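Trainee: This is the structure I want to talk about, given as structure tokens.
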Amino acid sequence: DLNAQVAIGSGSTTNQAVPVEAYYGYSYSQSIFLQTEIAGAGDITELTFDFAGSSISNSNDWTIYIGHTTKTDFTSTVDWVDVTTLTQVHSGIVSLNGSSQVVVDITDFTYNNSDNLVIAVDENASGYNGASDDFLCFITGSDNRSITYYNDGTNPDPSAPPTGYLRNVAPNIILGGITTSLMA
């Protein structure tokens, strides 16, 4: 089904630096999506993020990793998921689809529907966009479901990420290619 998708989150929270921090030169983030939110096995073929702003033209060089994890949240500012346990599914330029979404066609990732899902985004373009060029997130209560790092001069290495910042949010996302078993 080409229209199969799982949408997670419909929040309007901004300024969380996930999946990328467009107002800084470089960023790296990881966010956890729970099996109970996805509830559907199969191949994820596309990722869609909600964007609020006018441009990501200087923050558009994304390398994306996906993996399974038993983590439900990040417990410290150095509690990154080891990138060697993740699969690189995209590397290259992304662009706005219209004005409100970034849609990324990824190398298919087979989700097992038993573990949680972690999505990591490494943004490698040296330039930056405006303070209001941001992504929409949903609040995850007391759980820090995202960890992020951003800097104008230091491009973080996903294999040895620096101390980050914990966020009790995750980006609104649409996982294309799979269908949820959750009833609407």
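Labels for the structure tokens follow display order: chains A, B, ..., residues from 1 in each chain, ligands from 1.
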Any idea what's packed within 9 Å of Val94 (chain A), counting only C-alpha atoms, ignoring anything in its chain fewer than 6 positions away? Could you give it as number ranges by chain?
Mentor: A: 56-57, 59-62, 102-104
Trainee: Write out as a tab-separated table a residue-level contact list of region 91-158 of chain A versus region 30-50 of chain A with cut-off 9 Å: for each qualifying residue the closest pair of atoms and the distance in Å to one decimal, counting only C-alpha atoms, rows sorted by chain and residue number upward.
Mentor:
```
residue	atom	partner	partner_atom	distance
A:Ser100	CA	A:Asp50	CA	5.9
A:Gln101	CA	A:Asp50	CA	4.7
A:Val102	CA	A:Phe49	CA	5.2
A:Val103	CA	A:Thr48	CA	4.3
A:Val104	CA	A:Leu47	CA	5.2
A:Asp105	CA	A:Glu46	CA	4.6
A:Ile106	CA	A:Glu46	CA	5.3
A:Thr107	CA	A:Thr45	CA	6.4
A:Asp108	CA	A:Thr45	CA	4.7
A:Phe109	CA	A:Ile44	CA	5.1
A:Thr110	CA	A:Asp43	CA	4.2
A:Tyr111	CA	A:Gly42	CA	5.3
A:Asn112	CA	A:Ala41	CA	5.4
A:Asn113	CA	A:Ala41	CA	4.7
A:Ser114	CA	A:Gln35	CA	6.2
A:Asp115	CA	A:Gln35	CA	6.1
A:Asn116	CA	A:Leu34	CA	4.7
A:Leu117	CA	A:Phe33	CA	5.1
A:Val118	CA	A:Ile32	CA	4.5
A:Ile119	CA	A:Ser31	CA	5.4
A:Ala120	CA	A:Gln30	CA	4.2
A:Val121	CA	A:Gln30	CA	6.6
A:Asp122	CA	A:Gln30	CA	8.9
A:Asp134	CA	A:Asp50	CA	8.8
A:Phe135	CA	A:Asp50	CA	5.7
A:Leu136	CA	A:Asp50	CA	5.5
A:Cys137	CA	A:Asp50	CA	8.0
A:Asn144	CA	A:Ser31	CA	8.9
A:Arg145	CA	A:Ile32	CA	5.3
A:Ser146	CA	A:Ser31	CA	4.2
A:Ile147	CA	A:Gln30	CA	5.4
A:Thr148	CA	A:Gln30	CA	6.5
```
Trainee: Got a sec: who's within 6 Å of Val6 (chain A), counting only C-alpha atoms, leaving out chain neighbours fewer than 6 positions off, as a PDB file with N, CA, C and O atoms, in the first residue's frame?
Mentor:
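Result went into around.pdb, see below:
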```pdb
ATOM      1  N   ILE A 174       5.893  11.174  10.522  1.00  0.00           N
ATOM      2  CA  ILE A 174       5.092  10.187   9.796  1.00  0.00           C
ATOM      3  C   ILE A 174       6.057   9.137   9.274  1.00  0.00           C
ATOM      4  O   ILE A 174       7.018   9.465   8.573  1.00  0.00           O
ATOM      5  N   LEU A 175       5.805   7.892   9.661  1.00  0.00           N
ATOM      6  CA  LEU A 175       6.601   6.765   9.189  1.00  0.00           C
ATOM      7  C   LEU A 175       5.876   6.190   7.980  1.00  0.00           C
ATOM      8  O   LEU A 175       4.799   5.599   8.120  1.00  0.00           O
ATOM      9  N   THR A 179       1.688   0.303   8.321  1.00  0.00           N
ATOM     10  CA  THR A 179       0.334   0.618   8.757  1.00  0.00           C
ATOM     11  C   THR A 179       0.185   0.211  10.204  1.00  0.00           C
ATOM     12  O   THR A 179       0.600  -0.882  10.605  1.00  0.00           O
ATOM     13  N   THR A 180      -0.417   1.069  11.001  1.00  0.00           N
ATOM     14  CA  THR A 180      -0.615   0.766  12.412  1.00  0.00           C
ATOM     15  C   THR A 180      -1.809  -0.163  12.599  1.00  0.00           C
ATOM     16  O   THR A 180      -2.744  -0.159  11.797  1.00  0.00           O
TER      17      THR A 180
END
```
Trainee: Which is closest to Thr72 (chain A) among A:Leu96, A:Thr140, A:Pro161, A:Tyr150, if we use only C-alpha atoms?
Mentor: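 Residue with the minimum atom-to-atom distance to Thr72 (chain A): A:Thr140.
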Trainee: Could you go through region 18-181 of chain A and tell me which residues DSSP, when run on the backbone, assigns to strand (DSSP E), listing them as a PyMOL selection string?
Mentor: chain A and resi 26-33+42-52+61-69+87-93+96-97+101-111+116-123+134-135+137-139+146-151+165-167+169-171+173-176
